[in-house]
$ cat upload_22.cif   # mmCIF, C-alpha atoms
data_coords
#
loop_
_atom_site.label_atom_id
_atom_site.label_comp_id
_atom_site.auth_asym_id
_atom_site.auth_seq_id
_atom_site.Cartn_x
_atom_site.Cartn_y
_atom_site.Cartn_z
CA MET A 279 127.86 112.48 71.81
CA ALA A 280 131.44 113.69 72.18
CA THR A 281 133.84 111.86 69.95
CA ASP A 282 136.80 109.85 71.16
CA ASN A 283 138.99 112.59 69.68
CA ASP A 284 137.29 115.21 71.85
CA ILE A 285 138.06 113.19 74.95
CA LEU A 286 141.68 112.55 73.87
CA ASN A 287 142.19 116.21 72.98
CA GLU A 288 140.93 117.24 76.36
CA LEU A 289 143.28 114.80 78.10
CA ASN A 290 146.12 116.08 75.96
CA GLU A 291 145.32 119.62 76.95
CA LEU A 292 145.44 118.52 80.57
CA GLY A 293 148.77 116.83 79.90
CA SER A 294 147.33 113.56 81.25
CA THR A 295 148.95 110.18 80.83
CA LEU A 296 145.45 108.68 80.61
CA VAL A 297 145.63 109.34 76.87
CA ARG A 298 147.53 106.08 76.63
CA ALA A 299 145.50 104.18 79.21
CA PRO A 300 143.39 101.22 78.01
CA LYS A 301 139.66 101.89 77.98
CA ARG A 302 138.74 98.23 77.89
CA MET A 303 136.83 97.17 80.99
CA PRO A 304 138.49 94.21 82.72
CA TYR A 305 135.24 92.97 84.30
CA ASN A 306 133.65 89.73 83.18
CA VAL A 307 130.02 89.44 82.22
CA PRO A 308 128.21 86.07 82.24
CA GLU A 309 128.05 84.55 78.78
CA GLY A 310 124.88 85.36 76.86
CA TYR A 311 123.81 87.94 79.47
CA PHE A 312 123.03 90.72 77.00
CA ASP A 313 121.33 88.31 74.59
CA ALA A 314 118.88 87.11 77.20
CA LEU A 315 118.30 90.38 79.05
CA PRO A 316 115.73 92.07 76.71
CA ASP A 317 113.24 89.17 76.79
CA ALA A 318 113.87 88.54 80.48
CA MET A 319 113.21 92.22 81.22
CA TYR A 320 109.97 92.19 79.23
CA SER A 321 108.77 89.13 81.11
CA MET A 322 109.72 90.72 84.44
CA ALA A 323 108.18 94.11 83.64
CA ASN A 324 104.97 92.55 82.32
CA THR A 325 104.59 90.29 85.36
CA GLN A 326 105.30 93.20 87.69
CA ALA A 327 102.68 95.28 85.90
CA GLN A 328 100.10 92.51 86.23
CA ASP A 329 100.96 91.97 89.91
CA THR A 330 100.57 95.67 90.59
CA LYS A 331 97.15 95.75 88.93
CA THR A 332 95.87 92.64 90.67
CA ASN A 333 93.05 93.50 93.07
CA PRO A 334 93.56 91.77 96.44
CA TYR A 335 89.82 91.90 97.29
CA SER A 336 87.41 89.11 96.34
CA VAL A 337 83.79 89.44 95.20
CA PRO A 338 81.11 86.71 95.50
CA GLY A 339 80.86 84.59 92.36
CA GLY A 340 78.59 86.07 89.69
CA TYR A 341 78.06 89.28 91.70
CA PHE A 342 78.53 91.62 88.77
CA ASP A 343 76.43 89.41 86.47
CA THR A 344 73.36 89.66 88.68
CA LEU A 345 73.87 93.18 90.09
CA PRO A 346 72.13 95.13 87.29
CA GLN A 347 68.99 92.96 87.52
CA GLN A 348 68.90 93.21 91.30
CA VAL A 349 69.10 96.99 91.22
CA LEU A 350 66.48 97.20 88.46
CA GLN A 351 64.11 94.96 90.40
CA LYS A 352 64.43 97.03 93.56
CA ALA A 353 63.95 100.24 91.61
CA LYS A 354 60.70 98.90 90.12
CA GLN A 355 59.44 97.94 93.56
CA GLY A 356 60.14 101.44 94.78
CA ALA A 357 62.31 99.95 97.45
CA VAL A 358 65.27 102.07 96.60
CA THR A 359 65.23 104.96 99.06
CA ALA A 360 67.81 107.10 100.69
CA PRO A 361 69.16 104.86 103.46
CA GLU A 362 69.73 107.56 106.12
CA LYS A 363 66.32 109.18 105.65
CA THR A 364 64.59 105.80 105.87
CA LYS A 365 66.52 105.00 109.01
CA GLY A 366 65.40 108.23 110.72
CA THR A 367 61.74 107.74 109.76
CA ASN A 368 61.74 104.18 111.08
CA ILE A 369 62.89 105.25 114.52
CA TRP A 370 60.16 107.95 114.73
CA MET A 371 57.47 105.65 113.38
CA LYS A 372 58.47 102.94 115.82
CA ASN A 373 57.93 105.33 118.76
CA ILE A 374 54.57 106.41 117.40
CA ARG A 375 53.50 102.79 117.01
CA TRP A 376 54.45 102.01 120.59
CA ALA A 377 52.48 105.04 121.83
CA ALA A 378 49.45 104.06 119.71
CA ALA A 379 49.59 100.51 121.05
CA ALA A 380 49.68 101.80 124.63
CA ILE A 381 46.69 104.11 124.03
CA PHE A 382 44.73 101.27 122.37
CA ILE A 383 45.37 98.91 125.29
CA PHE A 384 44.36 101.62 127.77
CA ALA A 385 41.12 102.33 125.85
CA VAL A 386 40.21 98.64 125.60
CA GLY A 387 40.92 98.18 129.29
CA LEU A 388 38.83 101.17 130.27
CA GLY A 389 35.94 100.03 128.03
CA SER A 390 36.04 96.53 129.40
CA TYR A 391 36.11 97.87 132.93
CA ARG A 392 33.03 100.00 132.28
CA VAL A 393 31.12 97.24 130.53
CA LEU A 394 31.95 94.49 132.96
CA THR A 395 31.65 96.52 136.18
CA PRO A 396 27.98 96.58 137.64
CA GLN A 397 26.21 100.03 137.51
CA THR A 398 25.74 101.73 140.89
CA LEU A 399 23.40 104.54 139.77
CA SER A 400 20.49 105.45 142.11
CA ILE A 401 16.82 104.80 141.15
CA GLN A 402 16.19 108.55 140.88
CA GLN A 403 19.19 108.93 138.55
CA GLN A 404 17.95 106.03 136.46
CA LEU A 405 14.43 107.50 136.27
CA ASP A 406 15.87 110.88 135.30
CA GLN A 407 17.43 109.22 132.30
CA VAL A 408 14.04 107.82 131.10
CA PRO A 409 12.34 110.11 128.52
CA GLU A 410 8.88 111.58 129.28
CA SER A 411 7.24 109.90 126.28
CA VAL A 412 8.40 106.49 127.47
CA LEU A 413 6.92 107.16 130.90
CA ALA A 414 3.57 108.32 129.41
CA ALA A 415 3.38 105.22 127.21
CA TYR A 416 4.18 103.03 130.21
CA VAL A 417 1.42 104.69 132.31
CA ALA A 418 -1.08 104.36 129.46
CA ASP A 419 -0.32 100.68 129.00
CA ASN A 420 0.20 99.57 132.58
CA VAL A 421 -1.70 101.81 135.05
CA ASP A 422 -5.13 100.29 135.85
CA ASP A 423 -7.95 101.48 138.06
CA PHE A 424 -6.28 100.22 141.21
CA ASP A 425 -3.24 102.24 140.44
CA THR A 426 -5.38 105.29 139.64
CA GLU A 427 -6.98 105.15 143.09
CA LEU A 428 -3.55 104.84 144.70
CA ILE A 429 -2.21 107.83 142.84
CA THR A 430 -5.36 109.89 143.62
CA GLY A 431 -4.99 109.04 147.26
CA ASN A 432 -1.37 110.35 147.24
CA ILE A 433 -2.58 113.54 145.60
CA GLN A 434 -5.23 114.05 148.28
CA THR A 435 -2.57 113.54 150.91
CA THR A 436 -0.55 116.16 149.19
CA THR A 437 -3.54 118.54 149.14
CA THR A 438 -3.92 117.99 152.88
CA GLY A 439 -0.31 118.90 153.27
CA ILE A 440 -0.93 122.16 151.51
CA ASN A 441 -3.75 123.03 153.89
CA SER A 442 -1.35 122.68 156.78
CA VAL A 443 0.91 125.45 155.47
CA ASP A 444 0.65 128.76 157.28
CA ASN A 445 -0.88 131.73 155.51
CA GLU A 446 2.20 133.79 156.20
CA ASP A 447 4.39 131.26 154.42
CA ILE A 448 2.02 131.34 151.48
CA GLU A 449 2.13 135.12 151.37
CA ASP A 450 5.99 135.11 151.55
CA TYR A 451 6.09 132.59 148.74
CA LEU A 452 3.73 134.64 146.60
CA GLU A 453 5.76 137.79 147.26
CA GLY A 454 8.80 135.97 146.01
CA TRP A 455 7.01 135.55 142.67
CA GLN A 456 6.22 139.17 142.23
CA MET B 1135 109.88 92.72 64.02
CA ALA B 1136 111.99 93.42 67.10
CA GLY B 1137 115.18 93.23 65.05
CA ALA B 1138 113.91 95.85 62.61
CA LEU B 1139 112.84 98.15 65.44
CA THR B 1140 116.35 98.27 66.97
CA GLU B 1141 117.53 100.35 64.02
CA THR B 1142 114.85 102.98 64.28
CA ASP B 1143 115.12 106.17 66.28
CA ASP B 1144 113.86 106.68 69.82
CA ASN B 1145 110.74 108.59 68.77
CA LEU B 1146 109.50 105.70 66.70
CA LEU B 1147 110.21 103.30 69.54
CA LEU B 1148 108.31 105.56 71.91
CA ALA B 1149 105.31 105.65 69.58
CA SER B 1150 105.45 101.87 69.28
CA PHE B 1151 105.63 101.49 73.04
CA ARG B 1152 102.45 103.55 73.48
CA ASP B 1153 100.62 101.18 71.12
CA GLU B 1154 99.44 98.08 73.02
CA ASP B 1155 100.00 95.85 69.99
CA THR B 1156 103.66 96.80 69.53
CA ARG B 1157 104.59 97.50 73.14
CA GLU B 1158 106.51 94.27 73.70
CA ALA B 1159 108.59 94.69 70.56
CA ALA B 1160 109.34 98.34 71.33
CA PHE B 1161 110.32 97.57 74.90
CA THR B 1162 112.69 94.74 74.05
CA ALA B 1163 114.19 96.88 71.27
CA LEU B 1164 114.84 99.72 73.73
CA VAL B 1165 116.40 97.33 76.24
CA ARG B 1166 118.56 95.86 73.53
CA LYS B 1167 119.60 99.32 72.39
CA TYR B 1168 120.56 100.73 75.79
CA GLN B 1169 121.39 97.70 77.93
CA GLN B 1170 125.14 97.67 77.40
CA LYS B 1171 125.69 101.40 77.83
CA LEU B 1172 123.59 101.48 81.01
CA TYR B 1173 125.05 98.25 82.34
CA TRP B 1174 128.63 99.45 82.04
CA HIS B 1175 127.77 102.86 83.47
CA ILE B 1176 126.30 101.12 86.52
CA ARG B 1177 129.00 98.50 86.82
CA ARG B 1178 131.85 101.00 86.77
CA LEU B 1179 130.22 102.55 89.83
CA VAL B 1180 129.27 99.43 91.83
CA VAL B 1181 131.84 96.93 90.45
CA GLY B 1182 129.91 93.65 90.98
CA HIS B 1183 127.86 92.01 88.21
CA ASP B 1184 124.98 90.87 90.42
CA ASP B 1185 124.57 94.31 91.94
CA SER B 1186 124.77 95.89 88.48
CA ASN B 1187 122.17 93.46 87.18
CA ASP B 1188 119.79 94.27 90.05
CA ILE B 1189 120.13 98.00 89.47
CA LEU B 1190 119.77 97.65 85.70
CA GLN B 1191 116.57 95.66 86.15
CA HIS B 1192 115.18 98.43 88.34
CA VAL B 1193 116.08 100.94 85.65
CA PHE B 1194 114.22 99.03 82.96
CA ILE B 1195 111.23 98.39 85.22
CA LYS B 1196 111.06 102.14 85.79
CA MET B 1197 111.30 102.66 82.07
CA TRP B 1198 108.36 100.28 81.56
CA ASN B 1199 106.27 102.02 84.20
CA ASN B 1200 106.97 105.58 83.10
CA LEU B 1201 107.76 105.51 79.41
CA ALA B 1202 104.14 105.97 78.32
CA ASP B 1203 104.11 109.31 80.18
CA PHE B 1204 107.57 110.35 78.98
CA ARG B 1205 107.18 113.90 77.62
CA GLY B 1206 110.44 114.01 75.70
CA GLU B 1207 111.67 117.24 77.34
CA SER B 1208 115.07 115.58 77.39
CA GLY B 1209 116.25 112.84 75.08
CA LEU B 1210 115.42 109.25 75.93
CA TYR B 1211 119.14 108.53 76.24
CA THR B 1212 119.56 111.32 78.80
CA TRP B 1213 116.41 110.27 80.66
CA LEU B 1214 117.61 106.66 80.97
CA TYR B 1215 121.05 107.73 82.13
CA ARG B 1216 119.50 109.93 84.78
CA ILE B 1217 117.40 107.02 86.05
CA ALA B 1218 120.42 104.72 86.01
CA THR B 1219 122.61 107.24 87.84
CA ASN B 1220 119.98 107.95 90.50
CA GLU B 1221 119.27 104.25 91.02
CA THR B 1222 122.98 103.56 91.36
CA LEU B 1223 123.60 106.36 93.84
CA SER B 1224 120.58 105.20 95.88
CA TRP B 1225 121.90 101.65 95.88
CA LEU B 1226 125.34 102.83 97.03
CA ALA B 1227 123.79 104.84 99.87
CA LYS B 1228 121.75 101.80 101.00
CA GLU B 1229 124.77 99.55 100.75
CA LYS B 1230 126.83 101.93 102.87
CA ARG B 1231 124.07 102.08 105.48
CA ARG B 1232 123.81 98.30 105.48
CA ARG B 1233 127.56 97.94 106.01
CA SER B 1234 127.75 100.90 108.42
CA VAL B 1235 130.26 102.63 106.12
CA PRO B 1236 130.51 106.44 106.46
CA LEU B 1237 128.69 108.12 103.54
CA ASP B 1238 131.85 109.94 102.43
CA ALA B 1239 134.12 106.88 102.58
CA ASP B 1240 133.00 104.03 100.35
CA GLU B 1241 136.27 103.34 98.53
CA GLY B 1242 137.14 100.55 100.96
CA MET B 1243 133.85 98.79 100.25
CA LEU B 1244 134.37 99.04 96.48
CA GLU B 1245 138.06 98.09 96.68
CA GLU B 1246 136.99 94.91 98.42
CA LYS B 1247 134.51 94.17 95.64
CA LEU B 1248 137.10 94.97 93.02
CA GLN B 1249 139.63 92.54 94.40
CA ALA B 1250 136.95 89.83 94.44
CA GLN B 1251 136.48 90.09 90.66
CA ASP B 1252 137.51 87.24 88.37
CA GLY B 1253 140.95 87.86 86.90
CA PHE B 1254 141.81 90.72 89.22
CA ASP B 1255 145.48 91.62 88.89
CA ALA B 1256 146.69 94.76 90.63
CA ASN B 1257 149.78 94.84 88.40
CA LYS B 1258 147.83 95.27 85.21
CA LEU B 1259 147.06 98.81 84.16
CA GLU B 1260 143.38 98.20 83.39
CA TRP B 1261 142.83 96.93 86.94
CA LYS B 1262 144.92 99.68 88.43
CA LEU B 1263 142.82 102.21 86.56
CA GLN B 1264 139.68 100.71 88.10
CA GLN B 1265 141.25 100.90 91.54
CA ALA B 1266 142.08 104.55 90.91
CA ILE B 1267 138.51 105.29 89.81
CA GLN B 1268 137.07 103.59 92.91
CA SER B 1269 139.26 105.79 95.07
CA LEU B 1270 137.47 108.92 93.80
CA PRO B 1271 134.66 110.60 95.69
CA GLU B 1272 131.26 109.36 94.53
CA LYS B 1273 130.18 112.36 92.41
CA GLN B 1274 133.62 112.64 90.81
CA ARG B 1275 133.47 108.96 89.97
CA VAL B 1276 130.19 109.46 88.14
CA VAL B 1277 131.56 112.46 86.22
CA PHE B 1278 134.75 110.66 85.28
CA SER B 1279 132.85 107.56 84.11
CA LEU B 1280 130.39 109.55 81.97
CA ARG B 1281 133.14 111.60 80.34
CA TYR B 1282 136.04 109.21 80.02
CA TYR B 1283 134.16 106.00 79.15
CA ASP B 1284 130.81 107.15 77.79
CA GLU B 1285 132.36 110.19 76.06
CA MET B 1286 129.34 112.23 76.98
CA PRO B 1287 129.23 115.98 76.19
CA TYR B 1288 129.26 118.22 79.25
CA GLU B 1289 125.88 119.70 78.31
CA GLN B 1290 124.25 116.30 78.46
CA MET B 1291 126.01 115.47 81.71
CA ALA B 1292 124.67 118.75 83.11
CA GLU B 1293 121.11 117.58 82.31
CA ILE B 1294 121.64 114.22 83.97
CA LEU B 1295 123.38 115.50 87.09
CA ASP B 1296 121.61 118.89 87.44
CA THR B 1297 124.99 120.62 87.59
CA SER B 1298 126.56 123.42 85.57
CA VAL B 1299 128.92 122.64 82.70
CA GLY B 1300 131.70 124.63 84.39
CA ALA B 1301 131.40 122.66 87.60
CA LEU B 1302 131.45 119.40 85.66
CA LYS B 1303 134.59 120.39 83.75
CA ALA B 1304 136.36 121.30 86.96
CA SER B 1305 135.23 118.06 88.58
CA TYR B 1306 136.45 115.99 85.62
CA HIS B 1307 139.81 117.72 85.53
CA HIS B 1308 140.31 117.10 89.22
CA ALA B 1309 139.32 113.48 88.77
CA VAL B 1310 141.82 112.98 85.95
CA LYS B 1311 144.63 114.37 88.10
CA LYS B 1312 143.68 112.13 91.02
CA VAL B 1313 143.53 109.02 88.84
CA GLU B 1314 146.94 109.79 87.39
CA ALA B 1315 148.39 110.34 90.81
CA PHE B 1316 146.91 107.06 92.07
CA ILE B 1317 148.37 105.09 89.19
CA LYS B 1318 151.75 106.76 89.63
CA ASP B 1319 151.85 106.11 93.36
CA ASN B 1320 150.66 102.50 93.23
#

$ encode --input "upload_22.cif" --output "structure tokens"
Amino acid sequence: MATDNDILNELNELGSTLVRAPKRMPYNVPEGYFDALPDAMYSMANTQAQDTKTNPYSVPGGYFDTLPQQVLQKAKQGAVTAPEKTKGTNIWMKNIRWAAAAIFIFAVGLGSYRVLTPQTLSIQQQLDQVPESVLAAYVADNVDDFDTELITGNIQTTTTGINSVDNEDIEDYLEGWQ
Amino acid sequence: MAGALTETDDNLLLASFRDEDTREAAFTALVRKYQQKLYWHIRRLVVGHDDSNDILQHVFIKMWNNLADFRGESGLYTWLYRIATNETLSWLAKEKRRRSVPLDADEGMLEEKLQAQDGFDANKLEWKLQQAIQSLPEKQRVVFSLRYYDEMPYEQMAEILDTSVGALKASYHHAVKKVEAFIKDN
């Protein structure tokens, strides 16, 4: 801090008449202003600091009290997964499920159609599907003498048919086997 | 507690301010210590009490907000004066914009405020001196006030105003001559 003498000496050096000028300020200040200002300033600064720090957002009541338990519970259930990855898997799985459902419905429909629709196979085709052993057992159990005569008669007819074949045809046939 | 703290040096007050338990006492002690010097520095530049009070409050609010981070590169006294000077110059610029006064011609605005002061008497030397000071360009007014009234060394003024000592001396000498001339002519 420069002393009053320093300031006066400087003015003297400048030859200024301000050396003799009054330094008293003529302005008025409200009574008690400087007595009250320190406490008023603290109150103002403290309030301003609190206002600045006040968070304008609200949180549901008790949110932070229950949050740790909620997170812990979800973690134990294994329900805590990466949100984006889960989202992508769900979309893919949903498509697969729809495709599987369509295939299942188609299969059930086709099966029902086959079961419920009457068979149109020929007698020959049906007989072709019967095993030889089943036929032999059926003949043994069901063919009686009458049936034997009928079958023998058809065989004789067949033999007669053979006799009507030309010798040349027989010779051609036999040559084909050689 | 607060009364005892007013007598201690700035470093102790700073340490007290950084401690939550003694912050209030340290703050009020600092306000009490610097309020009058800062108030009169501001008021000599803006004239009106209400305007000075508003600016001073801003200065102390800034002190509250930034004092904990104050590094002490300059003295607390210098730091507070710099804040007060910058706040005052900002207020004057806003006031001139509000009143559509050219930035380099604010003496009319301040003369008007001066004449509205209680007890204003243009024939008394102390009032005439204030009129002369308000007729100075803004920067010269700041320099004159800091040197003539606050008796501040040029080196400290250079820290506050970011100007060289030589430039400040020249500015002050010019200001003194202008003030003298104003008083002589009026």

$ residues_around --input "upload_22.cif" --residues "Leu1248 of chain B" --least-positions-apart "5" --cutoff "10 Å" --atoms "only C-alpha atoms" --output "ChimeraX atom specification"
/A:305 /B:1180-1182,1242-1243,1254-1256,1261,1264-1265,1268

$ interface_residues --input "upload_22.cif" --of "chain B" --to "chain A" --cutoff "9 Å" --atoms "all atoms listed in the file" --output "PyMOL selection string"
chain B and resi 1158+1161-1166+1169-1170+1174+1177-1178+1181-1183+1191+1194-1196+1198-1199+1251-1254+1259-1261+1263-1264+1281-1288+1290+1307+1310-1311+1313-1314

$ closest_residue --input "upload_22.cif" --among "B:Leu1302, B:Ala1160, B:Ile1189, B:Leu1172" --to "Trp1213 of chain B" --atoms "only C-alpha atoms"
B:Leu1172

$ atom_distance --input "upload_22.cif" --atom1 "atom CA of Asn290 of chain A" --atom2 "atom CA of Phe1278 of chain B"
15.7 Å

$ atom_distance --input "upload_22.cif" --atom1 "atom CA of Val1277 of chain B" --atom2 "atom CA of Asn287 of chain A"
17.4 Å
